[in-house]
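Here is the file structure_39.cif (mmCIF, C-alpha atoms (C1' of nucleotides)).
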```
data_start
loop_
_atom_site.group_PDB
_atom_site.id
_atom_site.type_symbol
_atom_site.label_atom_id
_atom_site.label_comp_id
_atom_site.auth_asym_id
_atom_site.auth_seq_id
_atom_site.Cartn_x
_atom_site.Cartn_y
_atom_site.Cartn_z
ATOM 1 C CA MET A 5 0.000 0.000 0.000
ATOM 2 C CA ARG A 6 1.442 3.236 -1.246
ATOM 3 C CA ASN A 7 1.573 6.281 0.963
ATOM 4 C CA TYR A 8 2.132 8.765 -1.819
ATOM 5 C CA TYR A 9 0.549 10.042 -5.023
ATOM 6 C CA THR A 10 2.089 10.177 -8.469
ATOM 7 C CA PRO A 11 2.129 13.376 -10.518
ATOM 8 C CA GLY A 12 -0.419 11.892 -12.879
ATOM 9 C CA GLU A 13 -2.808 11.103 -10.064
ATOM 10 C CA VAL A 14 -2.515 14.528 -8.544
ATOM 11 C CA ALA A 15 -2.852 16.282 -11.871
ATOM 12 C CA GLU A 16 -6.010 14.379 -12.638
ATOM 13 C CA ARG A 17 -7.507 14.910 -9.220
ATOM 14 C CA PHE A 18 -7.197 18.662 -9.435
ATOM 15 C CA ASP A 19 -7.582 18.969 -13.144
ATOM 16 C CA LEU A 20 -4.140 20.489 -13.577
ATOM 17 C CA THR A 21 -1.457 19.622 -16.096
ATOM 18 C CA LEU A 22 1.873 18.157 -15.055
ATOM 19 C CA ASP A 23 3.422 21.370 -16.265
ATOM 20 C CA THR A 24 1.254 23.440 -13.984
ATOM 21 C CA LEU A 25 2.054 21.194 -11.072
ATOM 22 C CA ARG A 26 5.771 21.642 -11.645
ATOM 23 C CA TYR A 27 5.255 25.333 -12.179
ATOM 24 C CA TYR A 28 3.553 25.616 -8.805
ATOM 25 C CA GLU A 29 6.467 23.892 -7.193
ATOM 26 C CA LYS A 30 8.992 26.174 -8.875
ATOM 27 C CA ALA A 31 6.888 29.172 -7.901
ATOM 28 C CA GLY A 32 7.081 28.160 -4.269
ATOM 29 C CA LEU A 33 3.470 27.144 -3.771
ATOM 30 C CA LEU A 34 4.617 23.648 -2.875
ATOM 31 C CA ARG A 35 7.717 22.627 -1.000
ATOM 32 C CA ARG A 36 10.352 20.706 -2.934
ATOM 33 C CA VAL A 37 8.378 17.538 -3.353
ATOM 34 C CA ASP A 38 9.803 14.108 -2.438
ATOM 35 C CA ARG A 39 11.299 11.946 -5.164
ATOM 36 C CA SER A 40 11.412 8.262 -5.936
ATOM 37 C CA PRO A 41 14.887 6.741 -6.408
ATOM 38 C CA SER A 42 14.454 7.330 -10.123
ATOM 39 C CA GLY A 43 13.697 11.013 -9.629
ATOM 40 C CA HIS A 44 9.929 10.939 -10.098
ATOM 41 C CA ARG A 45 7.892 13.084 -7.762
ATOM 42 C CA ARG A 46 5.954 11.558 -4.918
ATOM 43 C CA TYR A 47 3.296 13.753 -3.435
ATOM 44 C CA ARG A 48 2.369 13.169 0.184
ATOM 45 C CA SER A 49 -1.152 13.580 1.441
ATOM 46 C CA ASP A 50 -0.304 16.929 2.984
ATOM 47 C CA ASP A 51 0.885 18.128 -0.419
ATOM 48 C CA VAL A 52 -2.456 17.057 -1.795
ATOM 49 C CA GLU A 53 -4.301 18.778 0.992
ATOM 50 C CA LEU A 54 -2.419 21.997 0.357
ATOM 51 C CA LEU A 55 -3.088 21.691 -3.354
ATOM 52 C CA ASN A 56 -6.761 21.440 -2.644
ATOM 53 C CA MET A 57 -6.590 24.766 -0.849
ATOM 54 C CA ILE A 58 -4.436 26.240 -3.590
ATOM 55 C CA ARG A 59 -6.918 25.227 -6.206
ATOM 56 C CA CYS A 60 -9.750 26.877 -4.304
ATOM 57 C CA LEU A 61 -7.775 30.061 -3.909
ATOM 58 C CA ARG A 62 -6.612 30.082 -7.520
ATOM 59 C CA ASP A 63 -10.115 29.352 -8.747
ATOM 60 C CA THR A 64 -11.184 32.447 -6.901
ATOM 61 C CA ASP A 65 -8.403 34.471 -8.500
ATOM 62 C CA MET A 66 -5.862 34.723 -5.751
ATOM 63 C CA PRO A 67 -2.643 35.631 -7.560
ATOM 64 C CA ILE A 68 0.299 33.248 -7.508
ATOM 65 C CA ALA A 69 2.387 35.705 -5.498
ATOM 66 C CA ARG A 70 -0.098 35.767 -2.647
ATOM 67 C CA LEU A 71 -0.453 32.036 -2.763
ATOM 68 C CA ARG A 72 3.275 31.767 -2.346
ATOM 69 C CA GLU A 73 3.101 33.957 0.745
ATOM 70 C CA PHE A 74 0.434 31.716 2.139
ATOM 71 C CA ALA A 75 2.473 28.601 1.426
ATOM 72 C CA GLU A 76 5.519 30.168 3.039
ATOM 73 C CA LEU A 77 3.540 30.892 6.176
ATOM 74 C CA ILE A 78 2.571 27.251 6.349
ATOM 75 C CA ARG A 79 6.194 26.210 6.016
ATOM 76 C CA GLU A 80 7.211 28.578 8.774
ATOM 77 C CA GLY A 81 5.198 26.619 11.293
ATOM 78 C CA ASP A 82 2.287 26.868 13.654
ATOM 79 C CA HIS A 83 3.042 30.327 14.954
ATOM 80 C CA THR A 84 1.898 31.754 11.617
ATOM 81 C CA VAL A 85 -1.670 30.539 12.010
ATOM 82 C CA PRO A 86 -2.953 34.027 12.879
ATOM 83 C CA ASP A 87 -1.412 35.447 9.701
ATOM 84 C CA ARG A 88 -2.850 32.689 7.581
ATOM 85 C CA LEU A 89 -6.199 33.324 9.147
ATOM 86 C CA ARG A 90 -6.027 36.990 8.270
ATOM 87 C CA MET A 91 -5.108 36.143 4.698
ATOM 88 C CA LEU A 92 -8.045 33.810 4.278
ATOM 89 C CA GLN A 93 -10.457 36.184 5.927
ATOM 90 C CA SER A 94 -9.469 39.101 3.758
ATOM 91 C CA HIS A 95 -9.698 36.864 0.724
ATOM 92 C CA GLN A 96 -13.245 35.958 1.693
ATOM 93 C CA GLU A 97 -14.089 39.627 1.947
ATOM 94 C CA ARG A 98 -12.660 40.361 -1.478
ATOM 95 C CA LEU A 99 -14.635 37.434 -2.799
ATOM 96 C CA ASN A 100 -17.845 38.757 -1.334
ATOM 97 C CA GLU A 101 -17.200 42.086 -2.968
ATOM 98 C CA ARG A 102 -16.395 40.449 -6.249
ATOM 99 C CA ILE A 103 -19.570 38.401 -6.178
ATOM 100 C CA ALA A 104 -21.591 41.498 -5.366
ATOM 101 C CA GLU A 105 -19.995 43.273 -8.304
ATOM 102 C CA MET A 106 -20.864 40.401 -10.597
ATOM 103 C CA ARG A 107 -24.443 40.393 -9.369
ATOM 104 C CA ALA A 108 -24.671 44.099 -10.114
ATOM 105 C CA CYS A 109 -23.429 43.502 -13.643
ATOM 106 C CA GLN A 110 -25.868 40.664 -14.037
ATOM 107 C CA ALA A 111 -28.667 43.039 -13.197
ATOM 108 C CA VAL A 112 -27.583 45.454 -15.911
ATOM 109 C CA ILE A 113 -27.285 42.635 -18.415
ATOM 110 C CA GLU A 114 -30.666 41.279 -17.414
ATOM 111 C CA HIS A 115 -32.119 44.694 -18.067
ATOM 112 C CA LYS A 116 -30.705 44.628 -21.584
ATOM 113 C CA ILE A 117 -32.067 41.152 -22.127
ATOM 114 C CA ASP A 118 -35.512 42.372 -21.156
ATOM 115 C CA TYR A 119 -35.142 45.255 -23.539
ATOM 116 C CA TYR A 120 -34.237 42.917 -26.388
ATOM 117 C CA LEU A 121 -37.146 40.665 -25.527
ATOM 118 C CA GLY A 122 -39.370 43.703 -25.734
ATOM 119 C CA VAL A 123 -37.991 44.631 -29.141
ATOM 120 C CA LEU A 124 -38.629 41.126 -30.414
ATOM 121 C CA ALA A 125 -42.138 40.982 -29.024
ATOM 122 C CA GLU A 126 -42.929 44.220 -30.795
ATOM 123 C CA SER A 127 -41.396 43.350 -34.149
ATOM 124 C CA SER A 128 -43.141 39.984 -34.263
ATOM 125 C CA PRO A 129 -46.236 40.295 -32.117
ATOM 126 C CA ASP A 130 -48.769 37.628 -31.317
ATOM 127 C CA PRO A 131 -48.612 35.499 -34.473
ATOM 128 C CA LEU A 132 -52.322 34.695 -34.281
ATOM 129 C CA LYS A 133 -53.417 38.306 -34.154
ATOM 130 C CA GLU A 134 -51.199 40.319 -36.443
ATOM 131 C CA THR A 135 -51.327 44.080 -36.532
ATOM 132 C CA PRO A 136 -53.401 45.250 -39.520
ATOM 133 C CA MET B 15 -24.648 72.710 -25.375
ATOM 134 C CA ARG B 16 -22.430 69.878 -26.482
ATOM 135 C CA ASN B 17 -23.884 66.672 -27.811
ATOM 136 C CA TYR B 18 -20.747 64.600 -27.405
ATOM 137 C CA TYR B 19 -18.286 63.435 -24.751
ATOM 138 C CA THR B 20 -14.539 63.905 -24.723
ATOM 139 C CA PRO B 21 -12.164 60.990 -24.227
ATOM 140 C CA GLY B 22 -11.281 62.283 -20.784
ATOM 141 C CA GLU B 23 -14.920 62.386 -19.732
ATOM 142 C CA VAL B 24 -15.617 58.911 -20.986
ATOM 143 C CA ALA B 25 -12.463 57.483 -19.452
ATOM 144 C CA GLU B 26 -13.321 58.930 -16.095
ATOM 145 C CA ARG B 27 -16.939 57.833 -16.219
ATOM 146 C CA PHE B 28 -16.022 54.209 -16.797
ATOM 147 C CA ASP B 29 -12.761 54.235 -14.923
ATOM 148 C CA LEU B 30 -10.760 53.338 -18.006
ATOM 149 C CA THR B 31 -7.551 54.876 -19.288
ATOM 150 C CA LEU B 32 -7.411 56.751 -22.583
ATOM 151 C CA ASP B 33 -5.167 53.964 -23.810
ATOM 152 C CA THR B 34 -7.754 51.350 -23.012
ATOM 153 C CA LEU B 35 -10.430 53.371 -24.719
ATOM 154 C CA ARG B 36 -8.349 53.591 -27.887
ATOM 155 C CA TYR B 37 -7.477 49.933 -27.575
ATOM 156 C CA TYR B 38 -11.171 49.026 -27.476
ATOM 157 C CA GLU B 39 -11.734 51.016 -30.601
ATOM 158 C CA LYS B 40 -8.836 49.342 -32.422
ATOM 159 C CA ALA B 41 -10.077 45.989 -31.231
ATOM 160 C CA GLY B 42 -13.451 46.644 -32.815
ATOM 161 C CA LEU B 43 -15.494 47.005 -29.638
ATOM 162 C CA LEU B 44 -16.396 50.511 -30.702
ATOM 163 C CA ARG B 45 -17.039 51.809 -34.168
ATOM 164 C CA ARG B 46 -14.546 54.329 -35.570
ATOM 165 C CA VAL B 47 -15.454 57.170 -33.279
ATOM 166 C CA ASP B 48 -16.252 60.657 -34.607
ATOM 167 C CA ARG B 49 -13.547 63.304 -34.601
ATOM 168 C CA SER B 50 -13.392 67.016 -34.000
ATOM 169 C CA PRO B 51 -11.833 69.118 -36.793
ATOM 170 C CA SER B 52 -8.539 68.876 -34.894
ATOM 171 C CA GLY B 53 -8.710 65.096 -34.773
ATOM 172 C CA HIS B 54 -9.815 64.614 -31.174
ATOM 173 C CA ARG B 55 -12.373 61.932 -30.535
ATOM 174 C CA ARG B 56 -15.980 62.807 -29.820
ATOM 175 C CA TYR B 57 -18.038 60.074 -28.272
ATOM 176 C CA ARG B 58 -21.746 60.118 -28.891
ATOM 177 C CA SER B 59 -24.225 59.023 -26.291
ATOM 178 C CA ASP B 60 -24.748 55.721 -28.035
ATOM 179 C CA ASP B 61 -21.015 55.080 -27.792
ATOM 180 C CA VAL B 62 -21.262 55.744 -24.107
ATOM 181 C CA GLU B 63 -24.253 53.468 -23.789
ATOM 182 C CA LEU B 64 -22.393 50.683 -25.530
ATOM 183 C CA LEU B 65 -19.363 51.262 -23.362
ATOM 184 C CA ASN B 66 -21.522 50.848 -20.312
ATOM 185 C CA MET B 67 -22.529 47.411 -21.538
ATOM 186 C CA ILE B 68 -18.966 46.606 -22.497
ATOM 187 C CA ARG B 69 -17.751 47.477 -19.060
ATOM 188 C CA CYS B 70 -20.334 45.199 -17.484
ATOM 189 C CA LEU B 71 -19.395 42.351 -19.742
ATOM 190 C CA ARG B 72 -15.660 42.880 -19.295
ATOM 191 C CA ASP B 73 -16.067 43.161 -15.540
ATOM 192 C CA THR B 74 -17.673 39.774 -15.668
ATOM 193 C CA ASP B 75 -14.792 38.400 -17.713
ATOM 194 C CA MET B 76 -16.210 38.267 -21.182
ATOM 195 C CA PRO B 77 -13.155 38.081 -23.430
ATOM 196 C CA ILE B 78 -12.410 40.892 -25.857
ATOM 197 C CA ALA B 79 -12.996 38.604 -28.840
ATOM 198 C CA ARG B 80 -16.542 37.827 -27.777
ATOM 199 C CA LEU B 81 -17.185 41.462 -27.042
ATOM 200 C CA ARG B 82 -16.106 42.284 -30.552
ATOM 201 C CA GLU B 83 -18.611 39.777 -31.910
ATOM 202 C CA PHE B 84 -21.309 41.405 -29.855
ATOM 203 C CA ALA B 85 -20.345 44.859 -31.077
ATOM 204 C CA GLU B 86 -20.345 43.641 -34.660
ATOM 205 C CA LEU B 87 -23.845 42.278 -34.264
ATOM 206 C CA ILE B 88 -24.984 45.677 -33.079
ATOM 207 C CA ARG B 89 -23.400 47.317 -36.110
ATOM 208 C CA GLU B 90 -25.104 44.848 -38.434
ATOM 209 C CA GLY B 91 -28.490 46.197 -37.457
ATOM 210 C CA ASP B 92 -31.732 45.243 -35.842
ATOM 211 C CA HIS B 93 -32.039 41.835 -37.421
ATOM 212 C CA THR B 94 -29.260 40.593 -35.136
ATOM 213 C CA VAL B 95 -31.234 41.165 -31.966
ATOM 214 C CA PRO B 96 -31.972 37.464 -31.522
ATOM 215 C CA ASP B 97 -28.254 36.647 -31.739
ATOM 216 C CA ARG B 98 -27.370 39.357 -29.264
ATOM 217 C CA LEU B 99 -30.023 38.026 -26.964
ATOM 218 C CA ARG B 100 -28.550 34.547 -27.126
ATOM 219 C CA MET B 101 -25.098 35.901 -26.374
ATOM 220 C CA LEU B 102 -26.283 37.766 -23.314
ATOM 221 C CA GLN B 103 -28.346 34.868 -22.071
ATOM 222 C CA SER B 104 -25.528 32.393 -22.353
ATOM 223 C CA HIS B 105 -23.242 34.865 -20.648
ATOM 224 C CA GLN B 106 -25.673 35.089 -17.754
ATOM 225 C CA GLU B 107 -25.654 31.329 -17.469
ATOM 226 C CA ARG B 108 -21.889 31.199 -17.406
ATOM 227 C CA LEU B 109 -21.945 33.893 -14.775
ATOM 228 C CA ASN B 110 -24.336 31.932 -12.625
ATOM 229 C CA GLU B 111 -22.067 28.928 -12.870
ATOM 230 C CA ARG B 112 -19.051 31.013 -12.042
ATOM 231 C CA ILE B 113 -20.713 32.495 -9.011
ATOM 232 C CA ALA B 114 -21.772 29.055 -7.842
ATOM 233 C CA GLU B 115 -18.191 27.872 -8.233
ATOM 234 C CA MET B 116 -16.933 30.787 -6.193
ATOM 235 C CA ARG B 117 -19.464 30.102 -3.481
ATOM 236 C CA ALA B 118 -18.294 26.507 -3.350
ATOM 237 C CA CYS B 119 -14.718 27.646 -2.936
ATOM 238 C CA GLN B 120 -15.787 30.075 -0.279
ATOM 239 C CA ALA B 121 -17.282 27.192 1.660
ATOM 240 C CA VAL B 122 -13.999 25.288 1.547
ATOM 241 C CA ILE B 123 -12.078 28.366 2.631
ATOM 242 C CA GLU B 124 -14.550 29.040 5.415
ATOM 243 C CA HIS B 125 -13.974 25.526 6.623
ATOM 244 C CA LYS B 126 -10.265 26.179 6.818
ATOM 245 C CA ILE B 127 -10.877 29.420 8.654
ATOM 246 C CA ASP B 128 -12.933 27.571 11.230
ATOM 247 C CA TYR B 129 -10.178 25.032 11.577
ATOM 248 C CA TYR B 130 -7.603 27.770 12.190
ATOM 249 C CA LEU B 131 -9.909 29.419 14.702
ATOM 250 C CA GLY B 132 -10.125 26.096 16.506
ATOM 251 C CA VAL B 133 -6.365 25.765 16.551
ATOM 252 C CA LEU B 134 -6.024 29.218 18.024
ATOM 253 C CA ALA B 135 -8.698 28.646 20.614
ATOM 254 C CA GLU B 136 -6.898 25.538 21.738
ATOM 255 C CA SER B 137 -3.392 26.962 21.826
ATOM 256 C CA SER B 138 -4.506 30.001 23.824
ATOM 257 C CA PRO B 139 -7.599 28.955 25.723
ATOM 258 C CA ASP B 140 -9.756 31.089 27.987
ATOM 259 C CA PRO B 141 -7.222 33.571 29.329
ATOM 260 C CA LEU B 142 -8.971 33.786 32.708
ATOM 261 C CA LYS B 143 -8.942 30.061 33.318
ATOM 262 C CA GLU B 144 -5.658 28.656 32.051
ATOM 263 C CA THR B 145 -5.097 24.936 31.819
ATOM 264 C CA PRO B 146 -3.100 23.755 34.852
ATOM 265 C "C1'" DG C 15 16.526 -6.839 -25.973
ATOM 266 C "C1'" DC C 16 12.929 -3.510 -27.191
ATOM 267 C "C1'" DT C 17 9.123 -0.744 -26.894
ATOM 268 C "C1'" DT C 18 6.034 1.990 -24.390
ATOM 269 C "C1'" DG C 19 4.651 5.224 -21.220
ATOM 270 C "C1'" DA C 20 5.213 7.982 -17.324
ATOM 271 C "C1'" DC C 21 8.034 11.133 -15.831
ATOM 272 C "C1'" DC C 22 12.351 14.293 -15.692
ATOM 273 C "C1'" DT C 23 15.029 19.074 -16.884
ATOM 274 C "C1'" DG C 24 15.850 23.970 -18.257
ATOM 275 C "C1'" DG C 25 14.391 27.235 -20.877
ATOM 276 C "C1'" DA C 26 11.712 29.372 -24.559
ATOM 277 C "C1'" DG C 27 7.192 30.855 -26.076
ATOM 278 C "C1'" DC C 28 2.425 32.291 -25.904
ATOM 279 C "C1'" DG C 29 -2.201 34.639 -25.334
ATOM 280 C "C1'" DC C 30 -4.468 38.071 -23.156
ATOM 281 C "C1'" DG C 31 -5.369 42.672 -21.976
ATOM 282 C "C1'" DC C 32 -3.721 46.237 -21.468
ATOM 283 C "C1'" DT C 33 0.128 50.017 -20.761
ATOM 284 C "C1'" DC C 34 3.721 52.911 -22.071
ATOM 285 C "C1'" DC C 35 6.360 55.740 -25.073
ATOM 286 C "C1'" DA C 36 8.245 59.277 -28.332
ATOM 287 C "C1'" DG C 37 7.173 62.684 -30.932
ATOM 288 C "C1'" DG C 38 3.561 65.505 -32.644
ATOM 289 C "C1'" DT C 39 -0.837 68.794 -33.050
ATOM 290 C "C1'" DC C 40 -4.070 71.904 -31.441
ATOM 291 C "C1'" DC C 41 -6.210 75.319 -28.434
ATOM 292 C "C1'" DC C 42 -6.608 78.306 -24.669
ATOM 293 C "C1'" DA C 43 -4.989 81.368 -20.954
ATOM 294 C "C1'" DT C 44 -1.390 84.326 -19.284
ATOM 295 C "C1'" DA D 18 4.584 84.377 -27.882
ATOM 296 C "C1'" DT D 19 4.685 81.069 -24.597
ATOM 297 C "C1'" DG D 20 3.378 77.525 -21.742
ATOM 298 C "C1'" DG D 21 0.342 73.941 -20.383
ATOM 299 C "C1'" DG D 22 -2.912 70.509 -21.066
ATOM 300 C "C1'" DA D 23 -5.686 67.487 -23.591
ATOM 301 C "C1'" DC D 24 -5.354 64.750 -27.102
ATOM 302 C "C1'" DC D 25 -3.253 62.319 -31.387
ATOM 303 C "C1'" DT D 26 -0.321 58.179 -33.776
ATOM 304 C "C1'" DG D 27 2.036 53.640 -34.450
ATOM 305 C "C1'" DG D 28 4.325 50.467 -32.357
ATOM 306 C "C1'" DA D 29 6.910 48.320 -28.627
ATOM 307 C "C1'" DG D 30 6.699 46.309 -24.073
ATOM 308 C "C1'" DC D 31 4.874 44.115 -19.982
ATOM 309 C "C1'" DG D 32 2.916 41.010 -16.294
ATOM 310 C "C1'" DC D 33 0.591 37.033 -15.529
ATOM 311 C "C1'" DG D 34 -0.097 32.266 -15.678
ATOM 312 C "C1'" DC D 35 0.668 28.973 -17.756
ATOM 313 C "C1'" DT D 36 2.180 25.812 -21.893
ATOM 314 C "C1'" DC D 37 5.245 23.695 -24.896
ATOM 315 C "C1'" DC D 38 9.471 21.674 -26.331
ATOM 316 C "C1'" DA D 39 13.755 18.821 -27.031
ATOM 317 C "C1'" DG D 40 16.210 15.600 -25.318
ATOM 318 C "C1'" DG D 41 16.740 12.444 -21.646
ATOM 319 C "C1'" DT D 42 15.954 8.551 -17.762
ATOM 320 C "C1'" DC D 43 13.759 4.743 -15.863
ATOM 321 C "C1'" DA D 44 10.605 0.519 -15.099
ATOM 322 C "C1'" DA D 45 7.580 -2.818 -16.636
ATOM 323 C "C1'" DG D 46 5.692 -5.933 -20.047
ATOM 324 C "C1'" DC D 47 6.150 -8.481 -24.251
#
```
Show this structure as structure tokens.
Amino acid sequence: MRNYYTPGEVAERFDLTLDTLRYYEKAGLLRRVDRSPSGHRRYRSDDVELLNMIRCLRDTDMPIARLREFAELIREGDHTVPDRLRMLQSHQERLNERIAEMRACQAVIEHKIDYYLGVLAESSPDPLKETP
Amino acid sequence: MRNYYTPGEVAERFDLTLDTLRYYEKAGLLRRVDRSPSGHRRYRSDDVELLNMIRCLRDTDMPIARLREFAELIREGDHTVPDRLRMLQSHQERLNERIAEMRACQAVIEHKIDYYLGVLAESSPDPLKETP
DNA sequence: GCTTGACCTGGAGCGCGCTCCAGGTCCCAT
DNA sequence: ATGGGACCTGGAGCGCGCTCCAGGTCAAGC
């Protein structure tokens, strides 16, 4: 029973390419990952756990640079928990703002959709009762 | 009484730079804008109206290429209303999906925040009743 | 022994959406 | 007449986040 994950497994699990996975490591989002005797990477379950977080944060547009900061805090040890907490909390706030912004845009777009629907209704009115 | 807007006015109104405004024009998001005798741009109110839509769509991550398609439909005339409608509707759907995705990520992040709060609570428990 | 496939490396390249620049024109106020 | 400010042009450059590549190693199965 293996206690590690191969690059292929990890890539598939998070829907990342091998290139991206290596890029994340180079960029400092992951520690230097363990290797098999032949040099292949072996991801531990805590790497995978971190990647899960990374994917969430990336998917919500946290830039790589900030992700690296976060990862560095983790590597520095338990005394950085308050800083990590602050990072996550402020990210949540930004996210709330972003979602609100998107909702506002949606409203404007919806308005335009209604307008277009109106235009169509007028140009081709009730097909059973055409205007004379 | 002027019936046009200067580049500076438009840029400020939509919080864009003059460069971006010109870029949008080059990219085909705007028609070739009118000019003053001295060559300065003069935006009409329908340009401004379109820009308002463009800003909404860009702010919700519609790529420039798709925006150009949309703008071209407008230029082609009223018979493209159904196509425009479809574009906006499918954009709204994508947006809903995107927002749902972000909410899902937020839940994961919130979970982590709670975990960190737990860690902190444990490492520095009730300050008035320290563990012996 | 040979092929296949998964993985390795360092480094170059790319697509997107701007952003910046040099050098110029025009107009208005001092 | 001079200076400042708003704007013009074409084209180069940039930051980000990957993505691709050539050339190589290794392990397992036929």
Next on the checklist: Can you measure CA of Tyr130 (chain B) to CA of Pro86 (chain A) for me? One decimal in Å is fine.
Outcome noted: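 These two atoms are separated by 7.8 Å.
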Checklist entry - Using only C-alpha atoms (C1' of nucleotides), what residues lie at most 12 Å away from (-3.3, 65.9, -24.8) (file coordinates), given as a list in words? => result Thr20, Pro21, Gly22, Leu32, Ser52, Gly53, His54 and Arg55 of chain B; DG38, DT39, DC40 and DC41 of chain C; DG21, DG22, DA23, DC24 and DC25 of chain D
Next on the checklist: Residue by residue, what does the PyMOL selection byres ((chain A) within 9 of (chain D)) grab here? Present the result as a list in words.
Outcome noted: Asp23, Thr24, Tyr27, Ser42, Gly43, Pro67 and Ile68 of chain A
Next on the checklist: Should the cut-off be 12 Å, what would the residue list for chain C against chain B look like, counting only C-alpha atoms (C1' of nucleotides), as an MDAnalysis selection string?
Outcome noted: chainID C and resid 29:35 39:41
Item to check | Test item: chain B residues at most 12 Å from chain A, counting all atoms listed in the file, as a VMD selection string | outcome: chain B and resid 63 to 64 66 to 76 88 92 to 135 137 to 138
Checklist entry - When you draw a straight line from CA of Tyr9 (chain A) to CA of Tyr47 (chain A), how long is it in Å? => result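 Distance between the two atoms: 4.9 Å.
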Item to check | Two-atom distance - CA of Arg72 (chain A), CA of Glu16 (chain A) (Å) | outcome: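 Answer for the CA of Arg72 (chain A) to CA of Glu16 (chain A) separation: 22.2 Å.
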Next on the checklist: Which residues would end up in the selection if the PyMOL selection byres ((chain A and resi 34) around 9) were applied here, given that I need the answer as a ChimeraX atom specification?
Outcome noted: /A:25,28-33,35-37,51,54-55,72,75-76
Please write out, as lines of an AutoDock Vina configuration file, where the centre of an axis-aligned box around all listed atoms of region 40-59 of chain A lies and how long its edges are, in Å to one decimal, after adding 5 Å on each side.
```
center_x = 4.0
center_y = 16.5
center_z = -3.6
size_x = 31.8
size_y = 29.5
size_z = 23.1
```
